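Chemist: See model_6.cif below, with mmCIF, C-alpha atoms.
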data_target
loop_
_atom_site.label_atom_id
_atom_site.label_comp_id
_atom_site.auth_asym_id
_atom_site.auth_seq_id
_atom_site.Cartn_x
_atom_site.Cartn_y
_atom_site.Cartn_z
CA GLU V 2 -0.03 -16.17 -1.35
CA THR V 3 -2.46 -13.28 -0.88
CA GLY V 4 -5.07 -14.21 -3.48
CA VAL V 5 -3.94 -11.37 -5.75
CA THR V 6 -1.77 -12.25 -8.73
CA GLN V 7 0.08 -9.96 -11.10
CA THR V 8 1.69 -10.61 -14.47
CA PRO V 9 4.28 -10.16 -15.65
CA ARG V 10 6.55 -9.97 -12.61
CA HIS V 11 9.23 -8.15 -14.57
CA LEU V 12 8.92 -5.99 -17.69
CA VAL V 13 11.48 -4.05 -19.70
CA MET V 14 10.14 -1.76 -22.39
CA GLY V 15 11.27 1.05 -24.63
CA MET V 16 9.69 4.47 -24.58
CA THR V 17 7.79 3.79 -27.80
CA ASN V 18 6.40 0.41 -26.77
CA LYS V 19 2.86 -0.43 -25.68
CA LYS V 20 2.44 -2.98 -22.94
CA SER V 21 -0.13 -4.00 -20.35
CA LEU V 22 0.05 -5.10 -16.74
CA LYS V 23 -2.51 -7.57 -15.50
CA CYS V 24 -3.93 -8.10 -12.03
CA GLU V 25 -6.38 -10.78 -10.92
CA GLN V 26 -7.92 -11.31 -7.51
CA HIS V 27 -9.55 -14.53 -6.34
CA LEU V 28 -11.05 -13.10 -3.16
CA GLY V 29 -14.46 -11.92 -4.31
CA HIS V 30 -13.59 -8.32 -3.52
CA ASN V 31 -15.37 -5.31 -4.96
CA ALA V 32 -12.57 -2.73 -4.97
CA MET V 33 -9.25 -2.85 -6.81
CA TYR V 34 -6.30 -0.44 -6.80
CA TRP V 35 -3.14 0.40 -8.74
CA TYR V 36 -0.16 1.79 -6.84
CA LYS V 37 3.26 2.98 -7.96
CA GLN V 38 6.27 2.40 -5.71
CA SER V 39 9.47 4.18 -6.74
CA ALA V 40 12.79 3.70 -5.02
CA LYS V 41 12.93 5.43 -1.65
CA LYS V 42 9.44 6.91 -2.02
CA PRO V 43 6.15 5.94 -0.40
CA LEU V 44 3.50 4.05 -2.29
CA GLU V 45 1.48 6.37 -4.51
CA LEU V 46 -2.14 5.58 -5.21
CA MET V 47 -2.84 5.81 -8.95
CA PHE V 48 -6.32 4.45 -9.63
CA VAL V 49 -9.22 2.99 -7.70
CA TYR V 50 -12.09 0.91 -9.04
CA ASN V 51 -15.18 0.05 -7.00
CA PHE V 52 -17.67 -2.37 -8.54
CA LYS V 53 -15.84 -1.94 -11.88
CA GLU V 54 -16.30 1.84 -11.85
CA GLN V 55 -13.30 4.13 -11.59
CA THR V 56 -13.67 6.31 -8.52
CA GLU V 57 -10.23 7.84 -8.19
CA ASN V 58 -7.55 9.11 -10.53
CA ASN V 59 -4.76 10.76 -8.62
CA SER V 60 -3.57 13.07 -11.40
CA VAL V 61 -1.91 10.23 -13.24
CA PRO V 62 -0.51 11.04 -16.71
CA SER V 63 -2.57 9.79 -19.63
CA ARG V 64 0.22 7.46 -20.74
CA PHE V 65 -1.16 5.18 -17.99
CA SER V 66 -4.61 3.86 -18.86
CA PRO V 67 -6.49 1.54 -16.48
CA GLU V 68 -9.16 -0.95 -17.45
CA CYS V 69 -11.45 -2.99 -15.21
CA PRO V 70 -13.56 -5.39 -17.30
CA ASN V 71 -14.98 -7.13 -14.22
CA SER V 72 -14.52 -7.06 -10.48
CA SER V 73 -11.82 -9.76 -10.59
CA HIS V 74 -9.53 -8.29 -13.22
CA LEU V 75 -7.66 -5.03 -13.51
CA PHE V 76 -5.29 -3.90 -16.24
CA LEU V 77 -2.86 -1.04 -16.59
CA HIS V 78 -2.13 -0.17 -20.20
CA LEU V 79 1.17 1.56 -20.81
CA HIS V 80 2.25 3.61 -23.82
CA THR V 81 5.03 6.09 -24.54
CA LEU V 82 6.39 5.85 -21.02
CA GLN V 83 9.37 7.78 -19.72
CA PRO V 84 12.42 6.42 -17.89
CA GLU V 85 11.16 8.04 -14.67
CA ASP V 86 8.14 5.75 -14.86
CA SER V 87 10.41 2.85 -13.94
CA ALA V 88 9.08 1.51 -10.64
CA LEU V 89 7.29 -1.36 -8.92
CA TYR V 90 3.61 -1.32 -9.83
CA LEU V 91 1.41 -2.92 -7.21
CA CYS V 92 -2.17 -4.06 -7.49
CA ALA V 93 -4.40 -4.46 -4.45
CA SER V 94 -7.98 -5.41 -3.70
CA SER V 95 -10.33 -4.99 -0.74
CA GLN V 96 -13.82 -6.11 0.11
CA ASP V 97 -15.12 -2.56 -0.21
CA LYS V 98 -13.50 0.74 -0.99
CA TRP V 99 -11.48 2.18 1.87
CA GLY V 100 -13.23 4.24 4.47
CA ASN V 101 -15.07 1.29 5.91
CA SER V 102 -13.86 -0.51 8.98
CA HIS V 103 -11.77 -3.62 8.60
CA ASN V 104 -11.23 -2.74 4.97
CA GLU V 105 -7.91 -4.52 4.62
CA GLN V 106 -6.17 -4.29 1.26
CA PHE V 107 -4.55 -7.42 -0.13
CA PHE V 108 -1.58 -6.73 -2.37
CA GLY V 109 -0.14 -8.65 -5.26
CA PRO V 110 3.63 -9.18 -5.61
CA GLY V 111 3.98 -6.33 -8.07
CA THR V 112 5.43 -5.86 -11.55
CA ARG V 113 8.95 -4.46 -11.69
CA LEU V 114 8.90 -2.13 -14.70
CA THR V 115 12.00 -0.73 -16.36
CA VAL V 116 11.65 1.85 -19.11
CA LEU V 117 14.70 2.27 -21.32
CA LEU I 24 -0.97 19.65 3.30
CA ALA I 25 -1.95 16.07 3.97
CA LYS I 26 1.15 14.20 4.99
CA THR I 27 2.30 11.26 7.05
CA THR I 28 5.71 11.12 8.69
CA GLN I 29 7.61 8.11 10.00
CA PRO I 30 11.23 7.58 11.07
CA ILE I 31 13.27 6.46 8.07
CA SER I 32 14.93 3.56 9.86
CA MET I 33 15.23 1.79 13.21
CA ASP I 34 17.46 -0.94 14.58
CA SER I 35 16.61 -3.31 17.40
CA TYR I 36 17.96 -6.48 18.97
CA GLU I 37 16.06 -9.73 18.92
CA GLY I 38 13.64 -10.19 21.78
CA GLN I 39 13.05 -6.49 22.36
CA GLU I 40 9.85 -4.51 21.92
CA VAL I 41 9.84 -2.08 18.99
CA ASN I 42 7.61 0.98 18.69
CA ILE I 43 7.20 2.80 15.39
CA THR I 44 5.26 6.08 15.32
CA CYS I 45 3.48 7.68 12.40
CA SER I 46 2.36 11.32 12.47
CA HIS I 47 -0.79 12.22 10.52
CA ASN I 48 -2.05 15.64 11.52
CA ASN I 49 -5.08 15.95 9.23
CA ILE I 50 -6.54 12.48 9.27
CA ALA I 51 -10.20 12.23 8.29
CA THR I 52 -12.43 12.14 11.34
CA ASN I 53 -14.17 8.92 10.47
CA ASP I 54 -11.35 6.89 8.98
CA TYR I 55 -9.21 4.10 10.34
CA ILE I 56 -5.43 3.89 10.63
CA THR I 57 -3.83 0.83 9.11
CA TRP I 58 -0.30 -0.55 9.26
CA TYR I 59 1.39 -2.72 6.67
CA GLN I 60 4.62 -4.72 6.51
CA GLN I 61 6.61 -5.11 3.31
CA PHE I 62 9.45 -7.52 2.54
CA PRO I 63 11.74 -7.07 -0.49
CA SER I 64 10.15 -8.08 -3.81
CA GLN I 65 6.72 -8.49 -2.20
CA GLY I 66 3.62 -6.36 -1.85
CA PRO I 67 2.69 -4.88 1.55
CA ARG I 68 0.91 -7.15 4.00
CA PHE I 69 -1.71 -6.06 6.53
CA ILE I 70 -0.62 -6.02 10.17
CA ILE I 71 -3.23 -4.18 12.22
CA GLN I 72 -5.93 -1.52 12.02
CA GLY I 73 -7.55 0.78 14.55
CA TYR I 74 -9.65 3.89 15.04
CA LYS I 75 -8.78 5.05 18.56
CA THR I 76 -7.24 3.95 21.88
CA LYS I 77 -5.61 0.54 21.68
CA VAL I 78 -5.98 -2.46 19.43
CA THR I 79 -4.13 -5.75 19.85
CA ASN I 80 -3.92 -8.85 17.68
CA GLU I 81 -1.67 -11.88 17.60
CA VAL I 82 1.29 -10.03 16.05
CA ALA I 83 1.14 -6.38 17.16
CA SER I 84 -0.55 -3.62 19.12
CA LEU I 85 -1.64 -0.24 17.87
CA PHE I 86 -1.87 2.80 20.12
CA ILE I 87 -3.84 5.84 18.98
CA PRO I 88 -4.12 8.94 21.21
CA ALA I 89 -7.38 10.80 21.62
CA ASP I 90 -6.47 13.50 19.10
CA ARG I 91 -5.61 10.81 16.49
CA LYS I 92 -2.79 12.92 15.10
CA SER I 93 -0.38 10.04 15.44
CA SER I 94 -0.34 6.30 15.92
CA THR I 95 2.25 3.87 17.29
CA LEU I 96 2.77 0.34 16.08
CA SER I 97 4.20 -1.90 18.78
CA LEU I 98 5.90 -5.18 17.92
CA PRO I 99 6.56 -7.35 21.00
CA ARG I 100 9.69 -9.48 21.23
CA VAL I 101 10.90 -9.00 17.66
CA SER I 102 12.81 -11.67 15.75
CA LEU I 103 15.02 -11.60 12.67
CA SER I 104 12.00 -12.31 10.48
CA ASP I 105 10.52 -8.95 11.49
CA THR I 106 13.18 -7.15 9.45
CA ALA I 107 11.08 -5.29 6.88
CA VAL I 108 9.67 -1.89 5.96
CA TYR I 109 6.60 -0.78 7.91
CA TYR I 110 4.05 1.68 6.54
CA CYS I 111 1.10 3.46 8.08
CA LEU I 112 -1.91 4.16 5.86
CA VAL I 113 -4.43 6.90 6.54
CA ASN I 114 -7.18 8.75 4.75
CA PHE I 115 -7.00 12.53 4.84
CA GLY I 116 -10.54 13.05 3.65
CA ASN I 117 -11.64 13.77 0.08
CA GLU I 118 -10.40 10.23 -0.52
CA LYS I 119 -6.72 11.15 -0.17
CA LEU I 120 -5.56 7.71 0.81
CA THR I 121 -1.91 8.13 1.74
CA PHE I 122 0.81 5.73 2.72
CA GLY I 123 3.49 6.90 5.11
CA THR I 124 7.09 7.25 4.08
CA GLY I 125 7.93 3.88 5.57
CA THR I 126 10.25 2.80 8.38
CA ARG I 127 12.98 0.28 7.59
CA LEU I 128 13.30 -1.92 10.67
CA THR I 129 16.45 -4.00 11.03
CA ILE I 130 16.61 -6.67 13.71
CA ILE I 131 20.09 -7.45 14.99
CA PRO I 132 20.91 -10.96 16.22
#
Could you take the file, read its structure, and then write that structure out as structure tokens?
Modeler:
Amino acid sequence: ETGVTQTPRHLVMGMTNKKSLKCEQHLGHNAMYWYKQSAKKPLELMFVYNFKEQTENNSVPSRFSPECPNSSHLFLHLHTLQPEDSALYLCASSQDKWGNSHNEQFFGPGTRLTVL
Amino acid sequence: LAKTTQPISMDSYEGQEVNITCSHNNIATNDYITWYQQFPSQGPRFIIQGYKTKVTNEVASLFIPADRKSSTLSLPRVSLSDTAVYYCLVNFGNEKLTFGTGTRLTIIP
């Protein structure tokens, strides 16, 4: 148990569906992250929020829309996804945004997403 | 091009020391190098972090040469439970936080 929870753990959706992934951290951290992990590829950073403000968007397609209503919750809204978007989506949090010493990221268990 | 490189896989017998190296030629001058461990169906878990020279904690050591273009994670006396994928994480400046390609370590009884 890392203090970061994600729901749902598994999600199957069609290309025309709209769904949302939820992440919650109970660690009092200020920074939260979304990562995508595809089979046999390294983790790809998608979005970063620091004190609820988005500070990074790594050229992610607009069919992925993040939302951070407060420093404990992070959402990833999904719409009109493609089959190649099927992957493990990981949420993480850290005390401060990376770049500071001892800025360990705590990861949730991930949501396994399958797009049909 | 900012890139990290790790061996794809490694095998080792129980009780041996394992060293996994990550190459990161253009690491940001003021950023730390971090290593994570990932088991199937779980998120990565922090192992160790360092800036230069050598860092040691209760589970691993991290060696970073003076030029910081690479780093080596050292796991002493591995056991079957150390079978996992290991990633290095570096920042290449301009906030290009990049995970390595990952090394799948298999411990053989």
Chemist: Between V:Thr8, V:Gln38, V:Ser66, V:Asn18, which has the minimum distance to Thr124 in chain I (counting all atoms listed in the file)?
Modeler: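 Under the stated criterion, the closest residue is V:Gln38.
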Chemist: Given the choices V:Phe52, V:Phe65, V:Tyr36, V:Phe76, which gets closest to chain I if the distance is worked out from all atoms listed in the file?
Modeler: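 The shortest atom-to-atom distance to chain I comes from V:Tyr36.
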Chemist: Give as a VMD selection string every residue, naming chains and numbers as the document does, that has an atom within 9 Å of (0.9, 0.5, -9.2), counting only C-alpha atoms.
Modeler: chain V and resid 34 to 38 44 to 48 77 88 to 93 111 to 112
Chemist: Quick one: write out the picked residues with C-alpha atoms as a PDB file, in the frame of the given file?
Modeler:
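Written out: out.pdb:
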ATOM      1  CA  TYR V  34      -6.300  -0.440  -6.800  1.00  0.00           C
ATOM      2  CA  TRP V  35      -3.140   0.400  -8.740  1.00  0.00           C
ATOM      3  CA  TYR V  36      -0.160   1.790  -6.840  1.00  0.00           C
ATOM      4  CA  LYS V  37       3.260   2.980  -7.960  1.00  0.00           C
ATOM      5  CA  GLN V  38       6.270   2.400  -5.710  1.00  0.00           C
ATOM      6  CA  LEU V  44       3.500   4.050  -2.290  1.00  0.00           C
ATOM      7  CA  GLU V  45       1.480   6.370  -4.510  1.00  0.00           C
ATOM      8  CA  LEU V  46      -2.140   5.580  -5.210  1.00  0.00           C
ATOM      9  CA  MET V  47      -2.840   5.810  -8.950  1.00  0.00           C
ATOM     10  CA  PHE V  48      -6.320   4.450  -9.630  1.00  0.00           C
ATOM     11  CA  LEU V  77      -2.860  -1.040 -16.590  1.00  0.00           C
ATOM     12  CA  ALA V  88       9.080   1.510 -10.640  1.00  0.00           C
ATOM     13  CA  LEU V  89       7.290  -1.360  -8.920  1.00  0.00           C
ATOM     14  CA  TYR V  90       3.610  -1.320  -9.830  1.00  0.00           C
ATOM     15  CA  LEU V  91       1.410  -2.920  -7.210  1.00  0.00           C
ATOM     16  CA  CYS V  92      -2.170  -4.060  -7.490  1.00  0.00           C
ATOM     17  CA  ALA V  93      -4.400  -4.460  -4.450  1.00  0.00           C
ATOM     18  CA  GLY V 111       3.980  -6.330  -8.070  1.00  0.00           C
ATOM     19  CA  THR V 112       5.430  -5.860 -11.550  1.00  0.00           C
TER      20      THR V 112
END
Chemist: I'd like to see the residues matched by the PyMOL selection byres ((chain I) within 8 of (chain V)) on this file, and ideally I'd get them as number ranges by chain.
Modeler: I: 53-55, 64-69, 72, 114, 120-125
Chemist: Using the selection just defined, write its residues with C-alpha atoms as a compact mmCIF listing (two decimals), in the coordinates of the input.
Modeler:
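Contents of result.txt, freshly written:
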# COMPACT_ATOMS: atom_id res chain seq x y z
CA ASN I 53 -14.17 8.92 10.47
CA ASP I 54 -11.35 6.89 8.98
CA TYR I 55 -9.21 4.10 10.34
CA SER I 64 10.15 -8.08 -3.81
CA GLN I 65 6.72 -8.49 -2.20
CA GLY I 66 3.62 -6.36 -1.85
CA PRO I 67 2.69 -4.88 1.55
CA ARG I 68 0.91 -7.15 4.00
CA PHE I 69 -1.71 -6.06 6.53
CA GLN I 72 -5.93 -1.52 12.02
CA ASN I 114 -7.18 8.75 4.75
CA LEU I 120 -5.56 7.71 0.81
CA THR I 121 -1.91 8.13 1.74
CA PHE I 122 0.81 5.73 2.72
CA GLY I 123 3.49 6.90 5.11
CA THR I 124 7.09 7.25 4.08
CA GLY I 125 7.93 3.88 5.57
Chemist: Do you know which residues the PyMOL selection byres ((chain I and resi 108) around 6) returns on this file, as a PyMOL selection string?
Modeler: chain I and resi 60-61+107+109+126-128
Chemist: Take CA of Leu28 in chain V and CA of Val61 in chain V and report the distance between them in Å, one decimal.
Modeler: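 We find that CA of Leu28 in chain V and CA of Val61 in chain V lie 27.0 Å from each other.
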Chemist: Give as a tab-separated table (two decimals) with C-alpha atoms, in the frame of the given file every residue, naming chains and numbers as the document does, that has an atom within 12 Å of (7.8, 7.5, -16.3), counting only C-alpha atoms.
Modeler:
chain	number	residue	atom	x	y	z
V	14	MET	CA	10.14	-1.76	-22.39
V	15	GLY	CA	11.27	1.05	-24.63
V	16	MET	CA	9.69	4.47	-24.58
V	37	LYS	CA	3.26	2.98	-7.96
V	38	GLN	CA	6.27	2.40	-5.71
V	39	SER	CA	9.47	4.18	-6.74
V	61	VAL	CA	-1.91	10.23	-13.24
V	62	PRO	CA	-0.51	11.04	-16.71
V	63	SER	CA	-2.57	9.79	-19.63
V	64	ARG	CA	0.22	7.46	-20.74
V	65	PHE	CA	-1.16	5.18	-17.99
V	79	LEU	CA	1.17	1.56	-20.81
V	80	HIS	CA	2.25	3.61	-23.82
V	81	THR	CA	5.03	6.09	-24.54
V	82	LEU	CA	6.39	5.85	-21.02
V	83	GLN	CA	9.37	7.78	-19.72
V	84	PRO	CA	12.42	6.42	-17.89
V	85	GLU	CA	11.16	8.04	-14.67
V	86	ASP	CA	8.14	5.75	-14.86
V	87	SER	CA	10.41	2.85	-13.94
V	88	ALA	CA	9.08	1.51	-10.64
V	89	LEU	CA	7.29	-1.36	-8.92
V	90	TYR	CA	3.61	-1.32	-9.83
V	114	LEU	CA	8.90	-2.13	-14.70
V	115	THR	CA	12.00	-0.73	-16.36
V	116	VAL	CA	11.65	1.85	-19.11
V	117	LEU	CA	14.70	2.27	-21.32
Chemist: Do a neighbour search on Ala32 in chain V at 7 Å with all atoms listed in the file, toss out local chain neighbours closer than 4 positions, and write the hits as number ranges by chain.
Modeler: V: 50-52, 94-98
Chemist: Please measure the separation of CA of Ala89 in chain I and CA of Gln29 in chain I, giving the value in Å to one decimal.
Modeler: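 We find that CA of Ala89 in chain I and CA of Gln29 in chain I lie 19.2 Å from each other.
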Chemist: Near range 96-100 of chain I, counting all atoms listed in the file, which residues have an atom at most 7 Å away, once you skip same-chain residues fewer than 2 positions from it, shown as a list in words?
Modeler: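 Once the nearby chain positions are removed, what remains is Glu37, Gly38, Gln39, Glu40, Val41, Asn42, Ile43, Thr44, Val82, Ala83, Ser84, Leu85, Phe86, Ser94 and Ser102 of chain I.
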Chemist: Please evaluate the PyMOL selection byres ((chain V and resi 72) around 7) against the structure above and give the resulting residues as a ChimeraX atom specification.
Modeler: /V:31,52-53,69,71,73-74
Chemist: Which is closest to Tyr59 in chain I among I:Val113, I:Thr95, I:Ile31, I:Ile71, if we use all atoms listed in the file?
Modeler: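 Nearest to Tyr59 in chain I: I:Ile71.
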Chemist: Measuring between all atoms listed in the file, which one of I:Thr79, I:Ser32, I:Thr106, I:Ser93 shows the shortest distance to Ile56 in chain I?
Modeler: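 Residue with the minimum atom-to-atom distance to Ile56 in chain I: I:Ser93.
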Chemist: If I take CA of Tyr110 in chain I and CA of Asn80 in chain I, how far is one from the other in Å, to one decimal?
Modeler: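 If I compute the distance from CA of Tyr110 in chain I to CA of Asn80 in chain I, I get 17.3 Å.
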Chemist: Using all atoms listed in the file for the distances, tell me which of I:Ser104, I:Asn49, I:Thr129, I:Thr57 is nearest to Tyr36 in chain I.
Modeler: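 Of the candidates, the smallest distance to Tyr36 in chain I is held by I:Thr129.
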Chemist: Which residues come within 7 Å of Lys75 in chain I, counting only C-alpha atoms, excluding same-chain residues fewer than 5 positions away, as a list in words?
Modeler: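 Using only C-alpha atoms, the neighbours found are Ile87, Pro88, Ala89 and Arg91 of chain I.
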Chemist: Quick one: residues within 10 Å of Asp90 in chain I, all atoms listed in the file counted, chain neighbours fewer than 5 positions away excluded, as an MDAnalysis selection string?
Modeler: chainID I and resid 48 50 52 75:76
